[in-house]
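Next comes input-v2.txt, a file with compact mmCIF, C-alpha atoms.
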# COMPACT_ATOMS: atom_id res chain seq x y z
CA MET A 862 -80.66 -111.15 -20.41
CA LYS A 863 -79.91 -112.91 -17.11
CA ARG A 864 -79.71 -109.54 -15.38
CA TYR A 865 -83.24 -108.64 -16.55
CA GLN A 866 -84.50 -112.06 -15.50
CA ARG A 867 -83.11 -111.53 -11.99
CA TYR A 868 -84.76 -108.11 -11.87
CA PHE A 869 -88.11 -109.52 -12.97
CA LEU A 870 -87.99 -112.30 -10.39
CA ALA A 871 -87.11 -109.78 -7.70
CA ILE A 872 -90.12 -107.51 -8.28
CA ILE A 873 -92.69 -110.36 -8.33
CA PRO A 874 -92.87 -110.66 -4.49
CA VAL A 875 -93.11 -106.86 -4.17
CA ALA A 876 -95.99 -106.75 -6.63
CA MET A 877 -97.79 -109.55 -4.79
CA LEU A 878 -97.43 -107.73 -1.46
CA MET A 879 -98.79 -104.52 -2.99
CA THR A 880 -101.77 -106.45 -4.35
CA LEU A 881 -102.52 -108.10 -1.02
CA ALA A 882 -102.21 -104.76 0.73
CA GLN A 883 -105.11 -103.31 -1.25
CA PRO A 884 -108.37 -103.00 0.71
CA VAL A 885 -110.93 -105.71 0.05
CA PHE A 886 -114.38 -104.28 -0.59
CA ALA A 887 -117.40 -106.43 0.18
CA THR A 888 -119.62 -107.10 -2.80
CA ALA A 889 -123.36 -106.84 -2.26
CA VAL A 890 -125.10 -110.20 -2.70
CA GLU A 891 -128.79 -110.79 -3.33
CA LEU A 892 -130.08 -113.81 -1.43
CA SER A 893 -133.32 -115.70 -1.19
CA VAL A 894 -133.90 -118.31 1.50
CA GLU A 895 -133.17 -121.06 -1.04
CA ASP A 896 -129.97 -119.30 -2.14
CA SER A 897 -128.80 -119.08 1.46
CA ILE A 898 -129.46 -122.77 2.12
CA ALA A 899 -127.68 -123.79 -1.09
CA LEU A 900 -124.60 -121.71 -0.19
CA ALA A 901 -124.53 -123.13 3.32
CA LEU A 902 -124.71 -126.70 2.03
CA GLN A 903 -121.66 -126.00 -0.14
CA ASN A 904 -119.55 -124.22 2.47
CA ASN A 905 -120.54 -125.47 5.90
CA TYR A 906 -117.85 -127.37 7.82
CA ASP A 907 -120.32 -129.58 9.69
CA ILE A 908 -121.69 -130.88 6.38
CA LYS A 909 -118.19 -131.53 5.05
CA TYR A 910 -117.29 -133.34 8.29
CA ALA A 911 -120.44 -135.49 8.15
CA LYS A 912 -119.74 -136.43 4.53
CA SER A 913 -116.16 -137.40 5.36
CA ALA A 914 -117.43 -139.50 8.27
CA ARG A 915 -119.83 -141.21 5.89
CA GLU A 916 -116.97 -142.05 3.50
CA LYS A 917 -114.96 -143.38 6.43
CA SER A 918 -117.86 -145.65 7.40
CA TYR A 919 -118.14 -146.84 3.82
CA TRP A 920 -114.53 -147.99 3.77
CA ALA A 921 -114.88 -149.51 7.24
CA MET A 922 -117.69 -151.63 5.80
CA LYS A 923 -115.36 -152.64 2.95
CA GLU A 924 -112.71 -153.60 5.51
CA ALA A 925 -115.20 -155.75 7.46
CA ARG A 926 -116.14 -157.62 4.29
CA LYS A 927 -112.50 -158.21 3.35
CA ASN A 928 -111.77 -159.73 6.76
CA LYS A 929 -114.00 -162.66 5.79
CA GLY A 930 -112.46 -163.08 2.35
CA LEU A 931 -109.43 -164.89 0.97
CA SER A 932 -106.01 -163.47 1.85
CA ILE A 933 -102.73 -164.22 0.06
CA ASP A 934 -99.31 -163.59 1.58
CA PHE A 935 -95.93 -163.87 -0.11
CA THR A 936 -92.84 -164.29 2.07
CA HIS A 937 -89.24 -164.19 0.85
CA THR A 938 -86.32 -165.08 3.16
CA ASP A 939 -82.58 -164.72 2.47
CA GLN A 940 -80.36 -166.89 4.65
CA ARG A 941 -76.57 -167.20 4.83
CA TYR A 942 -74.79 -169.45 7.31
CA ASN A 943 -71.47 -171.19 7.80
CA THR A 944 -70.70 -174.88 8.27
CA PRO A 945 -67.97 -176.03 10.72
CA PRO A 946 -65.00 -177.77 9.07
CA ALA A 947 -65.11 -181.53 8.78
CA GLU A 948 -62.70 -183.67 10.78
CA THR A 949 -59.94 -183.50 8.13
CA GLY A 950 -57.62 -181.21 9.98
CA THR A 951 -58.64 -178.10 8.06
CA SER A 952 -59.99 -175.00 9.82
CA THR A 953 -61.79 -173.53 6.81
CA TYR A 954 -65.51 -172.82 7.23
CA GLU A 955 -67.90 -173.34 4.36
CA TYR A 956 -70.56 -170.66 3.73
CA THR A 957 -73.97 -171.48 2.30
CA THR A 958 -76.64 -169.11 0.96
CA ASN A 959 -80.27 -170.20 0.62
CA PHE A 960 -83.45 -168.46 -0.46
CA ASP A 961 -86.93 -169.33 0.64
CA ASN A 962 -90.08 -168.25 -1.24
CA GLN A 963 -93.49 -169.01 0.20
CA ILE A 964 -97.06 -168.25 -0.89
CA ALA A 965 -99.74 -168.76 1.75
CA LEU A 966 -103.50 -168.63 1.21
CA SER A 967 -105.91 -168.42 4.15
CA LEU A 968 -109.68 -168.39 4.29
CA PRO A 969 -111.83 -168.17 7.43
CA LEU A 970 -114.61 -170.71 6.84
CA TYR A 971 -116.47 -170.09 10.09
CA SER A 972 -115.81 -167.54 12.85
CA GLY A 973 -118.64 -168.43 15.20
CA GLY A 974 -120.66 -165.55 13.77
CA LYS A 975 -118.11 -162.89 14.74
CA LEU A 976 -117.02 -161.76 11.26
CA GLU A 977 -120.52 -162.10 9.81
CA ASN A 978 -122.02 -159.88 12.51
CA GLN A 979 -119.21 -157.36 12.20
CA ILE A 980 -120.09 -156.99 8.53
CA LYS A 981 -123.73 -156.39 9.45
CA GLN A 982 -122.66 -153.84 12.04
CA ALA A 983 -120.51 -152.03 9.49
CA LYS A 984 -123.52 -151.75 7.18
CA LEU A 985 -125.56 -150.29 10.02
CA ASP A 986 -122.73 -147.85 10.87
CA LEU A 987 -122.80 -146.68 7.25
CA LYS A 988 -126.55 -146.14 7.49
CA VAL A 989 -126.08 -144.14 10.70
CA ALA A 990 -123.39 -142.03 9.01
CA GLU A 991 -125.66 -141.34 6.04
CA LEU A 992 -128.41 -140.25 8.44
CA ASP A 993 -125.85 -138.03 10.19
CA VAL A 994 -125.40 -136.18 6.90
CA GLU A 995 -129.17 -135.72 6.57
CA ALA A 996 -129.49 -134.60 10.19
CA ALA A 997 -126.65 -132.11 9.70
CA LYS A 998 -128.40 -130.71 6.62
CA GLN A 999 -131.66 -130.29 8.52
CA GLN A 1000 -129.91 -128.59 11.43
CA LEU A 1001 -128.03 -126.33 9.02
CA LYS A 1002 -131.28 -125.38 7.27
CA LEU A 1003 -132.78 -124.44 10.63
CA THR A 1004 -129.76 -122.28 11.48
CA VAL A 1005 -129.69 -120.54 8.10
CA VAL A 1006 -133.43 -119.86 7.90
CA ALA A 1007 -133.51 -118.65 11.51
CA ASN A 1008 -130.64 -116.26 10.75
CA TYR A 1009 -132.37 -115.14 7.55
CA LEU A 1010 -135.57 -114.42 9.49
CA THR A 1011 -133.61 -112.52 12.13
CA VAL A 1012 -132.14 -110.27 9.45
CA LEU A 1013 -135.65 -109.67 8.11
CA GLU A 1014 -136.91 -108.87 11.60
CA TYR A 1015 -134.23 -106.29 12.31
CA ARG A 1016 -134.48 -104.81 8.83
CA ASN A 1017 -138.18 -104.24 9.37
CA GLU A 1018 -137.54 -102.87 12.86
CA VAL A 1019 -135.09 -100.37 11.35
CA LYS A 1020 -137.84 -99.22 8.97
CA VAL A 1021 -140.33 -98.87 11.82
CA ASN A 1022 -137.83 -96.94 13.92
CA GLN A 1023 -137.07 -94.66 10.99
CA GLU A 1024 -140.79 -93.96 10.59
CA THR A 1025 -141.10 -93.32 14.32
CA VAL A 1026 -138.17 -90.89 14.25
CA LYS A 1027 -139.80 -89.12 11.30
CA ASN A 1028 -143.12 -88.87 13.18
CA TYR A 1029 -141.41 -87.43 16.27
CA GLU A 1030 -139.44 -84.97 14.11
CA GLU A 1031 -142.61 -83.76 12.44
CA HIS A 1032 -144.33 -83.53 15.79
CA LEU A 1033 -141.42 -81.61 17.34
CA LYS A 1034 -141.50 -79.11 14.49
CA LEU A 1035 -145.22 -78.63 15.01
CA VAL A 1036 -144.76 -78.18 18.77
CA LYS A 1037 -141.96 -75.63 18.26
CA ASP A 1038 -144.13 -73.66 15.83
CA LYS A 1039 -146.93 -73.57 18.40
CA PHE A 1040 -144.48 -72.64 21.13
CA ASP A 1041 -143.15 -69.74 19.05
CA LEU A 1042 -146.73 -68.54 18.74
CA GLY A 1043 -147.23 -68.89 22.48
CA LEU A 1044 -149.84 -71.60 22.13
CA VAL A 1045 -148.09 -74.35 24.12
CA ALA A 1046 -145.82 -74.54 27.14
CA LYS A 1047 -142.07 -75.14 27.09
CA THR A 1048 -142.65 -78.54 28.69
CA ASP A 1049 -144.35 -79.73 25.48
CA VAL A 1050 -141.19 -78.93 23.52
CA LEU A 1051 -138.94 -80.63 26.06
CA SER A 1052 -141.06 -83.79 26.27
CA SER A 1053 -141.18 -84.02 22.46
CA GLN A 1054 -137.39 -83.64 22.29
CA VAL A 1055 -137.00 -86.46 24.81
CA ASP A 1056 -139.26 -88.71 22.72
CA LEU A 1057 -137.25 -87.91 19.59
CA ALA A 1058 -133.92 -88.65 21.31
CA SER A 1059 -135.29 -91.96 22.62
CA SER A 1060 -136.52 -92.99 19.16
CA GLN A 1061 -133.16 -92.08 17.63
CA ASP A 1062 -131.47 -94.22 20.27
CA ASN A 1063 -133.74 -97.16 19.35
CA LEU A 1064 -132.90 -96.66 15.68
CA VAL A 1065 -129.16 -96.88 16.42
CA LYS A 1066 -129.71 -100.12 18.37
CA ALA A 1067 -131.85 -101.60 15.58
CA LYS A 1068 -129.21 -100.79 12.96
CA ASN A 1069 -126.53 -102.45 15.09
CA ASN A 1070 -128.74 -105.51 15.60
CA TYR A 1071 -129.28 -105.67 11.84
CA THR A 1072 -125.53 -105.50 11.15
CA ASN A 1073 -124.84 -108.29 13.64
CA ALA A 1074 -127.66 -110.41 12.19
CA VAL A 1075 -126.20 -110.04 8.69
CA ALA A 1076 -122.78 -111.13 9.98
CA ALA A 1077 -124.37 -114.20 11.62
CA LEU A 1078 -126.15 -115.10 8.37
CA ASN A 1079 -122.92 -114.67 6.39
CA ASN A 1080 -121.11 -116.90 8.87
CA ALA A 1081 -123.76 -119.61 8.51
CA ILE A 1082 -123.65 -119.64 4.70
CA GLY A 1083 -119.87 -119.33 4.40
CA LEU A 1084 -119.51 -115.73 3.21
CA PRO A 1085 -117.14 -113.11 4.67
CA HIS A 1086 -118.79 -111.53 7.70
CA ALA A 1087 -118.71 -108.02 6.23
CA THR A 1088 -120.43 -109.01 2.98
CA GLU A 1089 -123.39 -106.76 2.19
CA VAL A 1090 -126.52 -108.78 1.52
CA THR A 1091 -129.89 -107.87 0.06
CA LEU A 1092 -132.68 -110.23 1.04
CA LYS A 1093 -135.09 -111.11 -1.74
CA ASP A 1094 -137.76 -112.65 0.47
CA GLU A 1095 -140.12 -111.05 2.96
CA PHE A 1096 -142.00 -112.50 5.91
CA ALA A 1097 -144.62 -114.85 4.55
CA TYR A 1098 -147.70 -116.32 6.15
CA GLU A 1099 -149.27 -119.50 4.83
CA LYS A 1100 -151.52 -121.65 6.97
CA TYR A 1101 -149.71 -124.87 7.86
CA PRO A 1102 -151.48 -127.81 6.20
CA ARG A 1103 -150.70 -130.61 8.71
CA THR A 1104 -152.45 -131.35 11.99
CA LEU A 1105 -150.51 -131.91 15.21
CA GLU A 1106 -151.16 -135.67 15.05
CA GLU A 1107 -149.83 -135.81 11.47
CA CYS A 1108 -146.70 -133.91 12.50
CA LEU A 1109 -146.05 -136.26 15.42
CA GLN A 1110 -146.45 -139.36 13.24
CA TYR A 1111 -144.21 -137.89 10.54
CA ALA A 1112 -141.48 -137.30 13.14
CA VAL A 1113 -141.72 -140.91 14.35
CA ASP A 1114 -141.33 -142.19 10.78
CA HIS A 1115 -138.77 -139.75 9.36
CA ARG A 1116 -136.69 -138.02 12.03
CA PRO A 1117 -133.07 -139.14 11.25
CA GLU A 1118 -132.12 -139.54 14.90
CA LEU A 1119 -135.01 -141.96 15.53
CA VAL A 1120 -134.16 -144.00 12.44
CA GLN A 1121 -130.55 -144.01 13.63
CA TYR A 1122 -131.53 -145.50 16.96
CA GLU A 1123 -133.27 -148.37 15.19
CA ALA A 1124 -129.92 -149.12 13.54
CA LYS A 1125 -128.04 -148.63 16.84
CA ILE A 1126 -130.35 -151.09 18.63
CA ALA A 1127 -129.80 -153.68 15.90
CA SER A 1128 -126.04 -153.11 16.10
CA ALA A 1129 -126.09 -153.55 19.89
CA ASN A 1130 -127.88 -156.89 19.45
CA TYR A 1131 -125.18 -157.95 17.00
CA ASP A 1132 -122.63 -157.13 19.72
CA VAL A 1133 -124.34 -159.70 21.93
CA ASP A 1134 -124.00 -162.34 19.24
CA ILE A 1135 -120.38 -161.35 18.61
CA ALA A 1136 -119.65 -161.80 22.31
CA LYS A 1137 -121.34 -165.23 22.25
CA SER A 1138 -119.10 -166.26 19.34
CA GLY A 1139 -116.36 -166.76 21.93
CA ARG A 1140 -118.13 -170.00 22.89
CA ARG A 1141 -118.36 -171.29 19.35
CA PRO A 1142 -115.70 -173.04 17.24
CA THR A 1143 -113.74 -171.31 14.50
CA VAL A 1144 -112.64 -173.01 11.28
CA ASN A 1145 -109.84 -171.76 9.03
CA LEU A 1146 -108.44 -173.14 5.80
CA THR A 1147 -104.76 -172.60 4.97
CA ALA A 1148 -102.84 -173.53 1.80
CA GLU A 1149 -99.08 -173.00 1.44
CA GLN A 1150 -96.55 -173.51 -1.35
CA ASP A 1151 -92.85 -173.25 -0.49
CA TRP A 1152 -89.61 -173.26 -2.53
CA TYR A 1153 -86.24 -173.56 -0.78
CA ASP A 1154 -83.24 -173.13 -3.10
CA SER A 1155 -79.69 -171.79 -3.30
CA HIS A 1156 -80.79 -169.49 -6.12
CA LEU A 1157 -82.80 -166.29 -5.63
CA ILE A 1158 -85.69 -167.58 -7.69
CA GLY A 1159 -85.36 -171.32 -7.58
CA SER A 1160 -87.81 -174.17 -7.61
CA LYS A 1161 -85.88 -176.93 -5.82
CA ASN A 1162 -87.16 -178.41 -2.60
CA SER A 1163 -90.72 -177.54 -3.51
CA ASN A 1164 -93.37 -178.54 -1.00
CA TRP A 1165 -96.95 -177.69 -0.28
CA LEU A 1166 -99.29 -177.78 2.69
CA LEU A 1167 -103.06 -177.85 2.99
CA LYS A 1168 -104.38 -177.35 6.53
CA LEU A 1169 -107.85 -177.18 8.04
CA THR A 1170 -107.78 -175.81 11.58
CA THR A 1171 -110.67 -175.99 14.02
CA SER A 1172 -110.41 -174.41 17.46
CA ILE A 1173 -112.85 -173.97 20.31
CA ASN A 1174 -112.60 -172.13 23.60
CA VAL A 1175 -112.82 -174.76 26.32
CA PHE A 1176 -112.20 -172.51 29.34
CA ASP A 1177 -111.46 -168.78 29.59
CA THR A 1178 -112.15 -168.08 33.31
CA GLY A 1179 -115.54 -166.49 32.45
CA LEU A 1180 -114.20 -163.89 30.03
CA THR A 1181 -116.73 -164.71 27.31
CA ASN A 1182 -119.61 -164.65 29.77
CA ALA A 1183 -118.51 -161.20 31.01
CA ASN A 1184 -118.39 -159.90 27.44
CA VAL A 1185 -121.90 -161.24 26.78
CA LYS A 1186 -123.26 -159.56 29.92
CA GLN A 1187 -121.69 -156.25 28.94
CA ALA A 1188 -123.20 -156.45 25.47
CA GLN A 1189 -126.64 -157.28 26.84
CA HIS A 1190 -126.59 -154.33 29.21
CA ASN A 1191 -125.42 -152.13 26.35
CA VAL A 1192 -128.60 -153.10 24.47
CA ASP A 1193 -130.64 -151.89 27.44
CA MET A 1194 -128.70 -148.61 27.51
CA VAL A 1195 -129.29 -147.99 23.81
CA LEU A 1196 -133.00 -148.76 24.23
CA ASP A 1197 -133.22 -146.25 27.11
CA LYS A 1198 -131.48 -143.56 25.03
CA ALA A 1199 -133.78 -144.28 22.10
CA GLY A 1200 -136.85 -143.83 24.30
CA GLN A 1201 -135.48 -140.60 25.75
CA GLN A 1202 -134.69 -139.25 22.28
CA ARG A 1203 -138.15 -140.17 21.02
CA ASP A 1204 -139.88 -138.41 23.92
CA THR A 1205 -137.74 -135.28 23.49
CA ILE A 1206 -138.38 -135.08 19.76
CA LEU A 1207 -142.14 -135.53 20.13
CA LEU A 1208 -142.19 -132.90 22.88
CA ASN A 1209 -140.34 -130.47 20.59
CA VAL A 1210 -142.79 -131.14 17.76
CA ARG A 1211 -145.72 -130.41 20.06
CA GLU A 1212 -144.15 -127.22 21.47
CA TYR A 1213 -143.20 -125.77 18.08
CA TYR A 1214 -146.57 -126.64 16.56
CA LEU A 1215 -148.53 -124.96 19.37
CA SER A 1216 -146.18 -121.93 19.41
CA MET A 1217 -146.63 -121.59 15.65
CA HIS A 1218 -150.41 -121.53 16.02
CA GLU A 1219 -150.19 -119.06 18.91
CA ALA A 1220 -148.13 -116.72 16.70
CA GLU A 1221 -150.63 -117.26 13.88
CA LYS A 1222 -153.42 -115.85 16.05
CA ARG A 1223 -151.29 -112.85 16.98
CA ILE A 1224 -150.66 -112.04 13.31
CA ASP A 1225 -154.33 -111.23 12.67
CA SER A 1226 -154.87 -109.32 15.91
CA ASN A 1227 -151.66 -107.29 15.53
CA LYS A 1228 -152.53 -106.42 11.92
CA VAL A 1229 -155.81 -104.95 13.16
CA SER A 1230 -153.90 -103.08 15.90
CA VAL A 1231 -151.62 -101.51 13.27
CA ASP A 1232 -154.63 -100.28 11.28
CA TYR A 1233 -156.23 -98.80 14.42
CA ALA A 1234 -152.95 -97.19 15.51
CA GLU A 1235 -152.41 -95.56 12.11
CA GLU A 1236 -155.92 -94.16 12.13
CA SER A 1237 -155.53 -92.98 15.72
CA LEU A 1238 -152.30 -91.14 14.84
CA MET A 1239 -153.98 -89.34 11.96
CA ILE A 1240 -156.84 -88.24 14.23
CA GLN A 1241 -154.52 -87.07 17.01
CA LYS A 1242 -152.39 -85.10 14.55
CA ALA A 1243 -155.48 -83.35 13.23
CA ARG A 1244 -156.78 -82.67 16.75
CA TYR A 1245 -153.44 -81.27 17.90
CA GLU A 1246 -153.04 -79.04 14.86
CA VAL A 1247 -156.39 -77.35 15.52
CA GLY A 1248 -155.71 -77.10 19.23
CA ILE A 1249 -158.21 -79.69 20.45
CA GLY A 1250 -155.87 -82.55 21.27
CA THR A 1251 -153.05 -82.56 23.78
CA ASN A 1252 -149.35 -83.12 23.25
CA LEU A 1253 -149.49 -86.25 25.40
CA ASP A 1254 -152.27 -87.77 23.28
CA LEU A 1255 -150.24 -87.30 20.10
CA ARG A 1256 -147.06 -88.66 21.64
CA ASP A 1257 -148.96 -91.70 22.89
CA ALA A 1258 -150.40 -92.23 19.40
CA VAL A 1259 -146.91 -92.24 17.85
CA LEU A 1260 -145.69 -94.67 20.50
CA SER A 1261 -148.74 -96.94 20.05
CA LEU A 1262 -148.18 -97.15 16.29
CA ASP A 1263 -144.50 -97.98 16.85
CA SER A 1264 -145.45 -100.72 19.32
CA ALA A 1265 -148.22 -102.15 17.10
CA LYS A 1266 -145.93 -102.41 14.08
CA LYS A 1267 -143.19 -104.11 16.08
CA ASP A 1268 -145.69 -106.53 17.60
CA TYR A 1269 -146.87 -107.40 14.09
CA ILE A 1270 -143.28 -107.98 12.94
CA GLN A 1271 -142.64 -110.11 16.03
CA ALA A 1272 -145.73 -112.24 15.35
CA LEU A 1273 -144.61 -112.91 11.76
CA TYR A 1274 -141.09 -113.70 12.95
CA ASP A 1275 -142.37 -116.09 15.66
CA TYR A 1276 -144.68 -117.85 13.21
CA ASN A 1277 -142.00 -118.45 10.59
CA THR A 1278 -139.32 -119.34 13.14
CA ASN A 1279 -141.51 -121.91 14.89
CA LYS A 1280 -142.53 -123.28 11.50
CA VAL A 1281 -138.93 -123.99 10.47
CA LYS A 1282 -138.20 -125.41 13.95
CA LEU A 1283 -141.23 -127.67 13.58
CA GLU A 1284 -140.04 -128.92 10.19
CA GLN A 1285 -136.60 -129.68 11.59
CA ALA A 1286 -138.12 -131.48 14.59
CA MET A 1287 -140.26 -133.55 12.21
CA GLY A 1288 -137.22 -134.48 10.10
CA LEU A 1289 -138.48 -132.85 6.91
CA PRO A 1290 -135.78 -133.51 4.24
CA VAL A 1291 -133.73 -130.65 2.82
CA GLN A 1292 -134.46 -130.32 -0.87
Please lay out the structure from this file as structure tokens.
Amino acid sequence: MKRYQRYFLAIIPVAMLMTLAQPVFATAVELSVEDSIALALQNNYDIKYAKSAREKSYWAMKEARKNKGLSIDFTHTDQRYNTPPAETGTSTYEYTTNFDNQIALSLPLYSGGKLENQIKQAKLDLKVAELDVEAAKQQLKLTVVANYLTVLEYRNEVKVNQETVKNYEEHLKLVKDKFDLGLVAKTDVLSSQVDLASSQDNLVKAKNNYTNAVAALNNAIGLPHATEVTLKDEFAYEKYPRTLEECLQYAVDHRPELVQYEAKIASANYDVDIAKSGRRPTVNLTAEQDWYDSHLIGSKNSNWLLKLTTSINVFDTGLTNANVKQAQHNVDMVLDKAGQQRDTILLNVREYYLSMHEAEKRIDSNKVSVDYAEESLMIQKARYEVGIGTNLDLRDAVLSLDSAKKDYIQALYDYNTNKVKLEQAMGLPVQ
């Protein structure tokens, strides 16, 4: 039996290696925008880091509160010493063992405002950390949606390029048939072949761009880069309901970074008060109970102590004043950063809003251009087939339709991308 057990244990590692050596095939995943955001929120490292930082700030706040509370210390001391011989002519030393047990209670009654303000600062730090989580979520949403839209853009470009290749193939066949009948020159065939080769080249590039865009989306949502994805959503256009003024005001009220700076300014002011506490007295209450005995746990020689200590800094060569000045200048620095951040955010809101509306206007005009280009291609095909139109006119019609469709895709992409950028700049919460 032991021999079989040894054999079984020996083949387990081999079996595991054979299993790991098998190729891993990517499983196709269907994703909507909401699905992608939900996956990213679960898997993204920045979100996990921000949440851990928030928990750290929570326990730092707990620590600040405990510093102002009652503390109890127990101290145990073992002591063994010898006593010189008495003047009796003997040289024998006597050894004594004593044990000391002490319980000490201390309570800071007044710290000049230092501990109290540190507690308030810790609460503000926790608020900043919580807003960091929200800001990370909003930034992650922007990244994921932008990647999702990029995949949509390149997927649609692949379709347009495939249609263009098909149009050039059909046209080349028609030109060759006419050439065989002696109706067109060899140059028509050559120019049509060049157009087809160029469109095939564009199709290869679009497919590569699509593959890279999928890998970027997978990376953002925490899936293996080679995972095949099928996007459920298409480009959508809905008129944005808010005015520019409403968007700017919303950003002032809700953008996490601006709310954070309100907390940072308050914290910097607390630093000033903490620095000034160096000029104020501190009061501490101490209570001690001590037992000194020759037994490990003895109660002889019991004594207690109750002490109220007040101390004040009389002279520190200007150290406290220097700390106060530093803290005051730090307030000014935080205020300057807050103003800079506010201006940058409001500028971004304005830029994204105007760019969104510019793309909105292009959507309508490019849609009309696509309709005209499709109709023009049909007319030029008919004209060329009956010998009225030229080869150049038909080639231009194919190229114009390709360009019009891509412009339309670009307008939809720009509109949706600037919309999600605008919402992130405004501080719109992630549902």
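Comparing A:Gln1121, A:Thr1091, A:Asn1073, A:Ser1172 by their smallest distance to Asp986 (chain A), the closest is A:Gln1121 (using only C-alpha atoms).
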Can you pull out the residues contacting Val1210 (chain A)? Cut-off 7 Å, using only C-alpha atoms, and skip same-chain residues under 5 positions away; I want them as a compact mmCIF listing (two decimals) with C-alpha atoms, in the coordinates of the input.
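Writing the result to part33.txt gives the following:
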# COMPACT_ATOMS: atom_id res chain seq x y z
CA LEU A 1109 -146.05 -136.26 15.42
CA LEU A 1283 -141.23 -127.67 13.58
CA ALA A 1286 -138.12 -131.48 14.59
CA MET A 1287 -140.26 -133.55 12.21
### Task
Compile the contact shell of Asn1063 (chain A) as a PyMOL selection string: residues with an atom at most 9 Å away, counting only C-alpha atoms, same-chain residues fewer than 5 positions apart removed.
chain A and resi 1019+1022+1058+1068
Could you dump the residues just selected with C-alpha atoms as a tab-separated table (two decimals), in the frame of the given file?
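For reference, out22.tsv as written:
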chain	number	residue	atom	x	y	z
A	1019	VAL	CA	-135.09	-100.37	11.35
A	1022	ASN	CA	-137.83	-96.94	13.92
A	1058	ALA	CA	-133.92	-88.65	21.31
A	1068	LYS	CA	-129.21	-100.79	12.96
### Task
Would you please work out which residue, of A:Lys917, A:Arg926, A:His1156, A:Lys1125, is nearest to Asn1191 (chain A) when using all atoms listed in the file?
A:Lys1125
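Look at everything within 12 Å of (-150.3, -114.1, 17.6) using only C-alpha atoms, and the residues you get are Tyr1098, Leu1215, Ser1216, Met1217, His1218, Glu1219, Ala1220, Glu1221, Lys1222, Arg1223, Ile1224, Asp1225, Ser1226, Asn1227, Lys1228, Val1229, Ser1230, Asp1268, Tyr1269, Ile1270, Gln1271, Ala1272, Leu1273, Tyr1274, Asp1275, Tyr1276 and Asn1277 of chain A.
Interatomic distance, CA of Leu1084 (chain A) against CA of Leu992 (chain A): 26.6 Å.
Put simply, CA of Glu1024 (chain A) is 9.9 Å away from CA of Leu1262 (chain A).
Our summary of the geometry notes that CA of Gln1202 (chain A) is positioned 24.1 Å from CA of Lys981 (chain A).
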### Message
If we count only C-alpha atoms and set the cut-off at 8 Å, which residues sit around Asn1008 (chain A), ignoring sequence neighbours fewer than 3 positions away in its own chain? Please answer as an NGL selection string.
### Response
:A and (1004-1005 or 1011-1012 or 1074-1075 or 1077-1078 or 1081)
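Ranking A:Gln1110, A:Asn1145, A:Ser1053, A:Asn1079 by their shortest atom-to-atom distance to Asp1254 (chain A), with all atoms listed in the file included, puts A:Ser1053 first.
Nearest to Asp1049 (chain A) of all the residues A:Glu1095, A:Asn1182, A:Ile1082, A:Leu1035 is A:Leu1035, counting all atoms listed in the file.
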### Query
Using all atoms listed in the file, which residues sit within 7 Å of region 1175-1181 of chain A once same-chain residues fewer than 2 positions away are excluded, as a PyMOL selection string?
chain A and resi 1136-1137+1139+1173+1183-1185
